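This is upload.pdb (PDB, C-alpha atoms).
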```pdb
ATOM      1  CA  MET K   1     -62.776 -78.181  88.125
ATOM      2  CA  ILE K   2     -62.897 -74.889  86.230
ATOM      3  CA  SER K   3     -62.072 -71.820  88.305
ATOM      4  CA  GLN K   4     -65.106 -69.727  89.194
ATOM      5  CA  GLN K   5     -63.106 -66.707  88.010
ATOM      6  CA  LEU K   6     -63.366 -68.117  84.473
ATOM      7  CA  THR K   7     -67.054 -69.076  84.546
ATOM      8  CA  GLN K   8     -68.514 -66.099  86.429
ATOM      9  CA  PRO K   9     -68.083 -63.545  83.590
ATOM     10  CA  TYR K  10     -70.311 -65.688  81.347
ATOM     11  CA  ILE K  11     -73.293 -65.707  83.692
ATOM     12  CA  ALA K  12     -72.836 -62.029  84.517
ATOM     13  CA  SER K  13     -72.691 -61.221  80.810
ATOM     14  CA  ALA K  14     -75.724 -63.422  79.987
ATOM     15  CA  GLN K  15     -77.818 -61.716  82.658
ATOM     16  CA  VAL K  16     -76.940 -58.204  81.459
ATOM     17  CA  VAL K  17     -77.210 -58.924  77.723
ATOM     18  CA  LEU K  18     -80.542 -60.773  77.916
ATOM     19  CA  ARG K  19     -81.977 -58.044  80.151
ATOM     20  CA  ASP K  20     -80.722 -55.161  77.985
ATOM     21  CA  MET K  21     -81.293 -56.670  74.531
ATOM     22  CA  ALA K  22     -84.336 -58.904  75.062
ATOM     23  CA  GLU K  23     -85.924 -57.673  78.300
ATOM     24  CA  ILE K  24     -85.658 -61.186  79.692
ATOM     25  CA  GLU K  25     -84.625 -61.808  83.290
ATOM     26  CA  ILE K  26     -82.742 -65.018  83.979
ATOM     27  CA  GLU K  27     -82.690 -66.658  87.365
ATOM     28  CA  PRO K  28     -79.683 -68.931  88.026
ATOM     29  CA  GLY K  29     -80.829 -72.185  89.632
ATOM     30  CA  GLY K  30     -77.765 -72.593  91.850
ATOM     31  CA  TYR K  31     -74.113 -72.817  90.883
ATOM     32  CA  PHE K  32     -72.040 -74.159  87.993
ATOM     33  CA  TYR K  33     -71.690 -77.951  88.230
ATOM     34  CA  PRO K  34     -69.273 -80.218  86.323
ATOM     35  CA  ASN K  35     -70.717 -81.997  83.275
ATOM     36  CA  HIS K  36     -69.463 -85.550  83.062
ATOM     37  CA  THR K  37     -71.866 -86.623  80.368
ATOM     38  CA  ASP K  38     -72.936 -85.364  76.972
ATOM     39  CA  ILE K  39     -75.580 -82.662  76.855
ATOM     40  CA  VAL K  40     -78.988 -83.366  75.364
ATOM     41  CA  SER K  41     -80.196 -80.046  73.988
ATOM     42  CA  TYR K  42     -83.433 -78.474  75.181
ATOM     43  CA  GLY K  43     -84.167 -77.575  71.554
ATOM     44  CA  VAL K  44     -82.113 -74.591  70.379
ATOM     45  CA  ALA K  45     -78.389 -74.321  71.012
ATOM     46  CA  SER K  46     -75.607 -71.956  70.028
ATOM     47  CA  ILE K  47     -71.888 -72.656  70.360
ATOM     48  CA  ILE K  48     -69.124 -70.100  70.211
ATOM     49  CA  THR K  49     -65.488 -71.098  70.572
ATOM     50  CA  PHE K  50     -62.645 -68.897  71.763
ATOM     51  CA  MET K  51     -58.892 -69.183  71.513
ATOM     52  CA  GLY K  52     -55.924 -67.385  72.991
ATOM     53  CA  LYS K  53     -53.627 -68.468  75.815
ATOM     54  CA  ILE K  54     -56.355 -71.007  76.571
ATOM     55  CA  LYS K  55     -59.074 -72.505  74.384
ATOM     56  CA  GLY K  56     -62.695 -73.146  75.160
ATOM     57  CA  ARG K  57     -66.320 -72.832  74.267
ATOM     58  CA  LEU K  58     -69.546 -71.230  75.428
ATOM     59  CA  LEU K  59     -72.758 -73.158  74.803
ATOM     60  CA  LEU K  60     -76.149 -71.521  75.276
ATOM     61  CA  ASP K  61     -78.929 -74.088  75.211
ATOM     62  CA  MET K  62     -82.578 -73.174  75.598
ATOM     63  CA  ASP K  63     -86.180 -74.272  75.272
ATOM     64  CA  PRO K  64     -87.721 -73.440  71.868
ATOM     65  CA  GLU K  65     -90.273 -71.125  73.563
ATOM     66  CA  LEU K  66     -87.466 -69.066  75.082
ATOM     67  CA  ALA K  67     -85.599 -68.820  71.762
ATOM     68  CA  ILE K  68     -88.763 -67.577  70.069
ATOM     69  CA  GLN K  69     -89.466 -65.046  72.826
ATOM     70  CA  ILE K  70     -85.894 -63.674  72.648
ATOM     71  CA  ALA K  71     -86.252 -63.286  68.858
ATOM     72  CA  ARG K  72     -89.693 -61.614  69.264
ATOM     73  CA  ASN K  73     -88.456 -59.125  71.841
ATOM     74  CA  ILE K  74     -85.306 -58.175  69.961
ATOM     75  CA  ASN K  75     -86.827 -57.940  66.476
ATOM     76  CA  ASP K  76     -90.339 -56.806  67.478
ATOM     77  CA  GLU K  77     -91.763 -59.424  65.108
ATOM     78  CA  GLU K  78     -93.884 -62.564  65.546
ATOM     79  CA  PHE K  79     -92.189 -65.937  65.130
ATOM     80  CA  THR K  80     -93.671 -69.393  65.591
ATOM     81  CA  ASN K  81     -90.935 -71.819  64.568
ATOM     82  CA  THR K  82     -87.338 -72.169  65.732
ATOM     83  CA  ARG K  83     -86.258 -72.996  62.173
ATOM     84  CA  GLU K  84     -87.079 -69.479  61.046
ATOM     85  CA  PHE K  85     -83.885 -67.766  59.919
ATOM     86  CA  MET K  86     -84.373 -64.682  62.104
ATOM     87  CA  VAL K  87     -84.946 -66.785  65.234
ATOM     88  CA  LEU K  88     -81.718 -68.720  64.797
ATOM     89  CA  THR K  89     -79.594 -65.745  63.735
ATOM     90  CA  THR K  90     -80.906 -63.733  66.692
ATOM     91  CA  ILE K  91     -79.871 -66.479  69.147
ATOM     92  CA  SER K  92     -76.524 -66.687  67.381
ATOM     93  CA  GLU K  93     -76.001 -62.921  67.718
ATOM     94  CA  VAL K  94     -77.066 -62.940  71.380
ATOM     95  CA  ASN K  95     -74.451 -65.633  72.035
ATOM     96  CA  ASN K  96     -71.859 -63.565  70.175
ATOM     97  CA  VAL K  97     -72.575 -60.503  72.341
ATOM     98  CA  ILE K  98     -72.605 -62.515  75.592
ATOM     99  CA  ALA K  99     -69.327 -64.275  74.772
ATOM    100  CA  GLY K 100     -67.740 -61.032  73.528
ATOM    101  CA  LYS K 101     -68.537 -59.205  76.742
ATOM    102  CA  ALA K 102     -67.323 -62.130  78.877
ATOM    103  CA  ILE K 103     -64.004 -62.559  77.070
ATOM    104  CA  THR K 104     -63.360 -58.811  77.210
ATOM    105  CA  ASN K 105     -63.695 -59.115  80.972
ATOM    106  CA  LEU K 106     -61.390 -62.186  81.053
ATOM    107  CA  ASN K 107     -58.832 -60.531  78.777
ATOM    108  CA  ASN K 108     -58.787 -57.379  80.901
ATOM    109  CA  THR K 109     -58.444 -59.368  84.123
ATOM    110  CA  PHE K 110     -56.104 -62.198  83.111
ATOM    111  CA  SER K 111     -54.535 -60.986  79.823
ATOM    112  CA  LEU K 112     -55.623 -64.189  78.093
ATOM    113  CA  GLY K 113     -55.712 -62.710  74.568
ATOM    114  CA  LEU K 114     -58.928 -64.588  73.768
ATOM    115  CA  ARG K 115     -60.552 -64.175  70.347
ATOM    116  CA  LEU K 116     -63.924 -65.496  69.247
ATOM    117  CA  ALA K 117     -64.749 -67.666  66.236
ATOM    118  CA  PRO K 118     -68.144 -66.919  64.674
ATOM    119  CA  PRO K 119     -71.046 -68.564  66.546
ATOM    120  CA  ILE K 120     -72.958 -71.533  65.205
ATOM    121  CA  VAL K 121     -76.595 -72.197  66.064
ATOM    122  CA  PHE K 122     -78.765 -75.247  65.516
ATOM    123  CA  THR K 123     -82.070 -76.864  66.277
ATOM    124  CA  GLY K 124     -83.266 -80.435  65.862
ATOM    125  CA  LYS K 125     -84.784 -83.444  67.551
ATOM    126  CA  LYS K 126     -82.967 -83.585  70.896
ATOM    127  CA  PRO K 127     -79.451 -83.231  69.490
ATOM    128  CA  ILE K 128     -76.644 -84.520  71.698
ATOM    129  CA  ILE K 129     -73.709 -82.134  72.133
ATOM    130  CA  CYS K 130     -70.284 -83.235  73.259
ATOM    131  CA  ILE K 131     -66.799 -81.817  73.299
ATOM    132  CA  PRO K 132     -64.492 -84.745  73.837
ATOM    133  CA  LYS K 133     -61.687 -84.668  76.400
ATOM    134  CA  ILE K 134     -62.552 -81.189  77.690
ATOM    135  CA  SER K 135     -63.863 -80.191  81.108
ATOM    136  CA  SER K 136     -67.142 -78.359  81.050
ATOM    137  CA  GLU K 137     -69.460 -76.902  83.651
ATOM    138  CA  SER K 138     -73.123 -76.007  83.363
ATOM    139  CA  LEU K 139     -75.428 -73.600  85.097
ATOM    140  CA  ASP K 140     -79.167 -74.186  84.795
ATOM    141  CA  CYS K 141     -81.141 -70.959  84.618
ATOM    142  CA  TYR K 142     -84.842 -70.240  84.480
ATOM    143  CA  THR K 143     -86.905 -67.545  82.787
ATOM    144  CA  LYS K 144     -90.626 -66.896  82.434
ATOM    145  CA  ASN K 145     -90.382 -68.370  78.927
ATOM    146  CA  GLY K 146     -88.398 -71.516  79.603
ATOM    147  CA  ARG K 147     -85.067 -73.014  80.596
ATOM    148  CA  LEU K 148     -81.615 -71.720  79.678
ATOM    149  CA  ARG K 149     -78.470 -73.771  80.197
ATOM    150  CA  ILE K 150     -75.116 -71.968  80.179
ATOM    151  CA  ASN K 151     -72.261 -74.392  79.608
ATOM    152  CA  VAL K 152     -68.636 -73.255  79.652
ATOM    153  CA  ALA K 153     -65.736 -75.503  78.634
ATOM    154  CA  PHE K 154     -62.005 -74.924  78.870
ATOM    155  CA  GLU K 155     -59.261 -77.141  77.494
ATOM    156  CA  GLY K 156     -57.459 -78.838  80.368
ATOM    157  CA  GLY K 157     -59.925 -77.433  82.900
ATOM    158  CA  ALA K 158     -57.819 -74.214  82.799
ATOM    159  CA  ALA K 159     -57.047 -72.943  86.272
ATOM    160  CA  ALA K 160     -57.206 -69.151  86.424
ATOM    161  CA  GLN K 161     -53.863 -67.429  86.197
TER     162      GLN K 161
ATOM    163  CA  MET Y   1     -65.125 -66.914  48.911
ATOM    164  CA  ASN Y   2     -61.603 -67.572  47.650
ATOM    165  CA  VAL Y   3     -60.934 -71.271  46.987
ATOM    166  CA  THR Y   4     -57.371 -70.674  48.177
ATOM    167  CA  TYR Y   5     -58.804 -70.954  51.668
ATOM    168  CA  ILE Y   6     -61.052 -73.940  50.898
ATOM    169  CA  ASN Y   7     -58.643 -76.303  49.157
ATOM    170  CA  PRO Y   8     -56.358 -76.860  52.194
ATOM    171  CA  PHE Y   9     -59.315 -78.361  54.118
ATOM    172  CA  LEU Y  10     -60.149 -80.739  51.272
ATOM    173  CA  GLU Y  11     -56.499 -81.687  50.750
ATOM    174  CA  ALA Y  12     -56.088 -82.246  54.503
ATOM    175  CA  LEU Y  13     -59.151 -84.500  54.734
ATOM    176  CA  THR Y  14     -57.948 -86.526  51.752
ATOM    177  CA  LYS Y  15     -54.498 -86.942  53.329
ATOM    178  CA  VAL Y  16     -55.870 -87.879  56.752
ATOM    179  CA  LEU Y  17     -58.214 -90.467  55.222
ATOM    180  CA  GLN Y  18     -55.304 -91.868  53.202
ATOM    181  CA  GLN Y  19     -53.327 -92.281  56.434
ATOM    182  CA  PHE Y  20     -56.085 -94.647  57.543
ATOM    183  CA  GLY Y  21     -56.030 -96.605  54.292
ATOM    184  CA  ILE Y  22     -59.009 -94.881  52.676
ATOM    185  CA  ILE Y  23     -57.459 -94.139  49.304
ATOM    186  CA  ASP Y  24     -60.268 -93.819  46.780
ATOM    187  CA  VAL Y  25     -61.531 -90.361  47.756
ATOM    188  CA  ASP Y  26     -63.639 -88.320  45.348
ATOM    189  CA  ILE Y  27     -64.064 -84.582  45.973
ATOM    190  CA  GLY Y  28     -67.341 -83.217  44.626
ATOM    191  CA  ASN Y  29     -68.115 -79.750  43.306
ATOM    192  CA  LEU Y  30     -68.058 -76.703  45.542
ATOM    193  CA  GLU Y  31     -71.560 -75.439  46.250
ATOM    194  CA  LYS Y  32     -72.557 -72.096  47.765
ATOM    195  CA  LYS Y  33     -75.063 -72.455  50.593
ATOM    196  CA  GLU Y  34     -77.166 -69.768  52.263
ATOM    197  CA  ARG Y  35     -78.114 -72.111  55.121
ATOM    198  CA  MET Y  36     -76.834 -75.476  56.242
ATOM    199  CA  GLN Y  37     -79.398 -78.218  56.734
ATOM    200  CA  VAL Y  38     -77.871 -81.540  57.561
ATOM    201  CA  THR Y  39     -79.637 -84.824  57.055
ATOM    202  CA  LEU Y  40     -76.535 -86.718  58.170
ATOM    203  CA  ASP Y  41     -76.651 -87.411  61.885
ATOM    204  CA  VAL Y  42     -73.091 -86.689  63.097
ATOM    205  CA  THR Y  43     -71.446 -83.272  62.721
ATOM    206  CA  ALA Y  44     -68.083 -82.137  64.092
ATOM    207  CA  VAL Y  45     -67.552 -78.364  64.125
ATOM    208  CA  VAL Y  46     -64.167 -76.675  64.562
ATOM    209  CA  GLY Y  47     -63.734 -72.905  65.010
ATOM    210  CA  LEU Y  48     -60.968 -70.950  63.224
ATOM    211  CA  VAL Y  49     -59.374 -67.747  64.486
ATOM    212  CA  GLY Y  50     -56.344 -65.871  63.181
ATOM    213  CA  ASP Y  51     -55.603 -64.274  59.816
ATOM    214  CA  ILE Y  52     -58.986 -65.640  58.772
ATOM    215  CA  LYS Y  53     -61.958 -66.394  60.991
ATOM    216  CA  GLY Y  54     -64.714 -68.982  60.568
ATOM    217  CA  ASN Y  55     -65.977 -72.497  61.159
ATOM    218  CA  VAL Y  56     -65.569 -75.809  59.404
ATOM    219  CA  ALA Y  57     -68.161 -78.554  59.861
ATOM    220  CA  TYR Y  58     -67.726 -82.203  58.886
ATOM    221  CA  SER Y  59     -71.016 -84.131  58.641
ATOM    222  CA  LEU Y  60     -71.445 -87.858  58.151
ATOM    223  CA  SER Y  61     -73.875 -90.667  58.893
ATOM    224  CA  GLN Y  62     -73.368 -92.925  61.913
ATOM    225  CA  ASP Y  63     -72.748 -95.800  59.506
ATOM    226  CA  THR Y  64     -69.930 -93.863  57.788
ATOM    227  CA  ALA Y  65     -68.572 -92.844  61.196
ATOM    228  CA  ARG Y  66     -68.454 -96.512  62.280
ATOM    229  CA  LYS Y  67     -66.551 -97.487  59.136
ATOM    230  CA  LEU Y  68     -64.091 -94.607  59.565
ATOM    231  CA  ILE Y  69     -63.432 -95.522  63.202
ATOM    232  CA  SER Y  70     -62.816 -99.108  62.151
ATOM    233  CA  ALA Y  71     -60.322 -97.828  59.536
ATOM    234  CA  MET Y  72     -58.682 -95.520  62.101
ATOM    235  CA  THR Y  73     -58.016 -98.535  64.321
ATOM    236  CA  SER Y  74     -56.867-100.744  61.422
ATOM    237  CA  GLY Y  75     -60.012-102.830  61.763
ATOM    238  CA  MET Y  76     -59.270-103.606  65.421
ATOM    239  CA  THR Y  77     -62.431-101.857  66.634
ATOM    240  CA  THR Y  78     -66.021-102.600  65.736
ATOM    241  CA  VAL Y  79     -68.417 -99.870  66.756
ATOM    242  CA  ASP Y  80     -71.827-101.302  67.610
ATOM    243  CA  GLU Y  81     -73.104 -98.278  69.451
ATOM    244  CA  PHE Y  82     -72.219 -94.662  68.627
ATOM    245  CA  ASP Y  83     -71.061 -94.001  72.176
ATOM    246  CA  ALA Y  84     -68.695 -91.484  73.820
ATOM    247  CA  MET Y  85     -65.613 -93.286  72.503
ATOM    248  CA  ALA Y  86     -66.961 -93.229  68.961
ATOM    249  CA  ARG Y  87     -67.817 -89.532  69.237
ATOM    250  CA  SER Y  88     -64.335 -88.857  70.586
ATOM    251  CA  ALA Y  89     -62.800 -90.676  67.593
ATOM    252  CA  ILE Y  90     -64.781 -88.506  65.159
ATOM    253  CA  GLY Y  91     -63.691 -85.452  67.149
ATOM    254  CA  GLU Y  92     -60.097 -86.598  66.739
ATOM    255  CA  LEU Y  93     -60.559 -87.072  62.995
ATOM    256  CA  SER Y  94     -61.904 -83.505  62.635
ATOM    257  CA  ASN Y  95     -59.103 -82.192  64.836
ATOM    258  CA  MET Y  96     -56.419 -83.945  62.758
ATOM    259  CA  THR Y  97     -57.963 -82.721  59.513
ATOM    260  CA  THR Y  98     -58.331 -79.104  60.594
ATOM    261  CA  GLY Y  99     -54.883 -79.167  62.202
ATOM    262  CA  MET Y 100     -53.353 -80.362  58.938
ATOM    263  CA  ALA Y 101     -55.349 -77.701  57.039
ATOM    264  CA  SER Y 102     -53.921 -75.036  59.347
ATOM    265  CA  ILE Y 103     -50.392 -76.252  58.468
ATOM    266  CA  LEU Y 104     -51.214 -76.127  54.740
ATOM    267  CA  LEU Y 105     -52.671 -72.620  55.159
ATOM    268  CA  SER Y 106     -49.548 -71.460  57.011
ATOM    269  CA  LYS Y 107     -47.491 -72.498  53.953
ATOM    270  CA  ILE Y 108     -49.372 -69.850  51.931
ATOM    271  CA  GLY Y 109     -48.923 -67.262  54.666
ATOM    272  CA  VAL Y 110     -52.285 -67.670  56.408
ATOM    273  CA  ASN Y 111     -51.920 -68.407  60.111
ATOM    274  CA  ILE Y 112     -54.864 -69.719  62.105
ATOM    275  CA  ASP Y 113     -55.521 -71.296  65.469
ATOM    276  CA  ILE Y 114     -58.195 -73.995  65.737
ATOM    277  CA  SER Y 115     -60.678 -74.661  68.524
ATOM    278  CA  PRO Y 116     -61.396 -78.034  70.112
ATOM    279  CA  PRO Y 117     -64.093 -79.810  68.061
ATOM    280  CA  SER Y 118     -67.732 -79.869  69.193
ATOM    281  CA  ILE Y 119     -69.646 -82.983  68.148
ATOM    282  CA  ILE Y 120     -73.376 -82.750  67.529
ATOM    283  CA  VAL Y 121     -75.360 -85.943  67.061
ATOM    284  CA  GLY Y 122     -79.036 -86.171  66.126
ATOM    285  CA  GLU Y 123     -81.568 -86.455  63.353
ATOM    286  CA  ASP Y 124     -82.634 -83.697  60.988
ATOM    287  CA  ILE Y 125     -80.525 -80.942  62.515
ATOM    288  CA  TYR Y 126     -80.819 -77.476  61.036
ATOM    289  CA  PHE Y 127     -77.637 -75.408  61.417
ATOM    290  CA  ILE Y 128     -76.565 -71.885  60.722
ATOM    291  CA  ILE Y 129     -72.779 -71.818  60.839
ATOM    292  CA  SER Y 130     -72.501 -68.453  59.204
ATOM    293  CA  SER Y 131     -74.195 -65.112  58.867
ATOM    294  CA  VAL Y 132     -72.754 -65.083  55.357
ATOM    295  CA  GLN Y 133     -72.607 -67.795  52.695
ATOM    296  CA  SER Y 134     -70.816 -71.049  53.349
ATOM    297  CA  ILE Y 135     -69.271 -73.462  50.887
ATOM    298  CA  ALA Y 136     -70.378 -77.101  50.921
ATOM    299  CA  VAL Y 137     -68.420 -79.950  49.366
ATOM    300  CA  ASP Y 138     -69.353 -83.626  49.258
ATOM    301  CA  ILE Y 139     -66.453 -85.998  49.763
ATOM    302  CA  ASN Y 140     -67.300 -89.512  48.607
ATOM    303  CA  THR Y 141     -65.252 -92.277  50.139
ATOM    304  CA  PRO Y 142     -65.543 -96.082  50.251
ATOM    305  CA  ALA Y 143     -66.726 -95.606  53.868
ATOM    306  CA  GLY Y 144     -69.527 -93.262  52.781
ATOM    307  CA  ARG Y 145     -70.192 -89.594  52.155
ATOM    308  CA  ILE Y 146     -68.673 -86.786  54.224
ATOM    309  CA  GLU Y 147     -70.181 -83.331  53.758
ATOM    310  CA  VAL Y 148     -67.756 -80.508  54.525
ATOM    311  CA  ASN Y 149     -69.181 -77.026  55.141
ATOM    312  CA  ILE Y 150     -66.696 -74.175  55.364
ATOM    313  CA  GLU Y 151     -67.491 -70.643  56.397
ATOM    314  CA  ILE Y 152     -64.825 -67.961  56.400
ATOM    315  CA  GLU Y 153     -65.792 -64.424  57.324
ATOM    316  CA  GLY Y 154     -64.544 -61.279  55.728
ATOM    317  CA  VAL Y 155     -62.915 -62.986  52.726
ATOM    318  CA  ALA Y 156     -63.951 -62.014  49.214
TER     319      ALA Y 156
END
```
Translate this structure into structure tokens?
Amino acid sequence: MISQQLTQPYIASAQVVLRDMAEIEIEPGGYFYPNHTDIVSYGVASIITFMGKIKGRLLLDMDPELAIQIARNINDEEFTNTREFMVLTTISEVNNVIAGKAITNLNNTFSLGLRLAPPIVFTGKKPIICIPKISSESLDCYTKNGRLRINVAFEGGAAAQ
Amino acid sequence: MNVTYINPFLEALTKVLQQFGIIDVDIGNLEKKERMQVTLDVTAVVGLVGDIKGNVAYSLSQDTARKLISAMTSGMTTVDEFDAMARSAIGELSNMTTGMASILLSKIGVNIDISPPSIIVGEDIYFIISSVQSIAVDINTPAGRIEVNIEIEGVA
């Protein structure tokens, strides 16, 4: 099981960043739970990996309607399709900001020396996402515009230091 | 983007495939891509952080993946279904390749750390792995085509 001290900064960061950047409130639907199976994407997903004293990944997965609403609110433009460049790059940048804020918190607290790789973002027909041999935990969140899944993975399950 | 940073990934993939008995490997031309749309249904993505920063994505069809897994196990394994074990094997292949590329890069003074691979499986997936251009290269092997997309930020 991943320590709550490692997962909590990601939800805190997601709540603040989505509120401040996109005026979207997210409501966590409980607590982080371990993922023992692969994840079937809701429609739009962004992955950002981080490395330092430990390695891991943040996955943001959301309904297409939510991705479009985030892009609309941030860019003040109309979008209708998740394959539009600005929709995907906006989700990618949101993930970058959320992960950046969370790892700053983790680095300040645990001196983990984490650094981010650039985010990737994708959309498709129910893509399956897996990260073999790594523990991950998900938190299902809800918004007025659709579902958001926050999935955090750490190599070896990484107990907090 | 400087090919100095691209070639180690291609050399590493060739060497890893050769380790599994896949000798006749043909490296296609380098192609600049603004966006990455993949028609192949399995993609393994590995993040890079260090002296350079980016992502490398290896895309292949499930049929090619099955043949590669069979080669990786010296023909001892037949993959009927592209299940968790098969996905793990493709993750391992991408990990070995990128790990070897990081060793080759370190020999030219470029030190990087690599992330655990993420495997994405599905039809007609549209990716953006970079806010800047990426380089795509087709690798043709007897097991099928592998498309390698490399994105390195901040490198001229």
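Each of K:Pro9, K:Gly146, K:Pro34, K:Gly124 was compared to chain Y using only C-alpha atoms, and K:Gly124 turns out to be the nearest.
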- Task: Determine, counting all atoms listed in the file, every residue of protein, DNA or RNA that lies within 8 Å of (-74.6, -72.0, 50.3) in the file coordinates, then give the result as a VMD selection string.
- Result: chain Y and resid 31 to 36 133 to 136
Keeping only C-alpha atoms, write the selected residues to a file as a compact mmCIF listing (two decimals), in the frame of the given file.
```txt
# COMPACT_ATOMS: atom_id res chain seq x y z
CA GLU Y 31 -71.56 -75.44 46.25
CA LYS Y 32 -72.56 -72.10 47.76
CA LYS Y 33 -75.06 -72.46 50.59
CA GLU Y 34 -77.17 -69.77 52.26
CA ARG Y 35 -78.11 -72.11 55.12
CA MET Y 36 -76.83 -75.48 56.24
CA GLN Y 133 -72.61 -67.80 52.70
CA SER Y 134 -70.82 -71.05 53.35
CA ILE Y 135 -69.27 -73.46 50.89
CA ALA Y 136 -70.38 -77.10 50.92
```
- Message: Evaluate the ChimeraX specification (/K :<8) & /Y against this structure - the residues, as a PyMOL selection string, please.
- Response: chain Y and resi 47-49+53-55+84+87-88+91+113-131
- Give as a PyMOL selection string the residues that the PyMOL selection byres ((chain K and resi 74) around 8) matches when applied to the coordinates above. chain K and resi 21-22+70-73+75-76+90
- Task: List the residues matched by the PyMOL selection byres ((chain K and resi 12) around 12) in the displayed structure as a ChimeraX atom specification, ordered by chain and then by residue number.
- Result: /K:4-11,13-19,25-28,98-99,101-103,105-106,139,150
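Omitting K:Thr80 and its sequence neighbours fewer than 3 positions away, and counting only C-alpha atoms, the residues within 10 Å are Pro64, Glu65, Ile68, Gln69, Arg72, Arg83, Glu84 and Val87 of chain K.
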- Please identify all polymer residues within 7 Å of K:Asn35, counting only C-alpha atoms, omitting same-chain residues fewer than 6 positions from it, and present them as a PyMOL selection string. chain K and resi 136-138
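In this model, the gap between atom CA of Y:Leu30 and atom CA of Y:Phe9 comes to 12.4 Å.
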- Message: For Y:Ala57, find every residue with an atom within 9 Å (counting all atoms listed in the file), except residues of its own chain fewer than 5 positions away, and show them as a ChimeraX atom specification.
- Response: /Y:43-47,94,129,147-151
For the residues selected in the previous step, produce a file with C-alpha atoms as a short mmCIF file (atom, residue, chain, number, x, y, z; two decimals), keeping the file's coordinate frame.
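The file below, result37.cif, is the result:
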```cif
data_model
loop_
_atom_site.label_atom_id
_atom_site.label_comp_id
_atom_site.auth_asym_id
_atom_site.auth_seq_id
_atom_site.Cartn_x
_atom_site.Cartn_y
_atom_site.Cartn_z
CA THR Y 43 -71.45 -83.27 62.72
CA ALA Y 44 -68.08 -82.14 64.09
CA VAL Y 45 -67.55 -78.36 64.12
CA VAL Y 46 -64.17 -76.68 64.56
CA GLY Y 47 -63.73 -72.90 65.01
CA SER Y 94 -61.90 -83.50 62.64
CA ILE Y 129 -72.78 -71.82 60.84
CA GLU Y 147 -70.18 -83.33 53.76
CA VAL Y 148 -67.76 -80.51 54.52
CA ASN Y 149 -69.18 -77.03 55.14
CA ILE Y 150 -66.70 -74.18 55.36
CA GLU Y 151 -67.49 -70.64 56.40
#
```
- Message: Calculated over all atoms listed in the file, which of the candidates Y:Ile22, Y:Ile146, Y:Ile69, Y:Ile139 has the smallest distance to Y:Ile90?
- Response: Y:Ile69
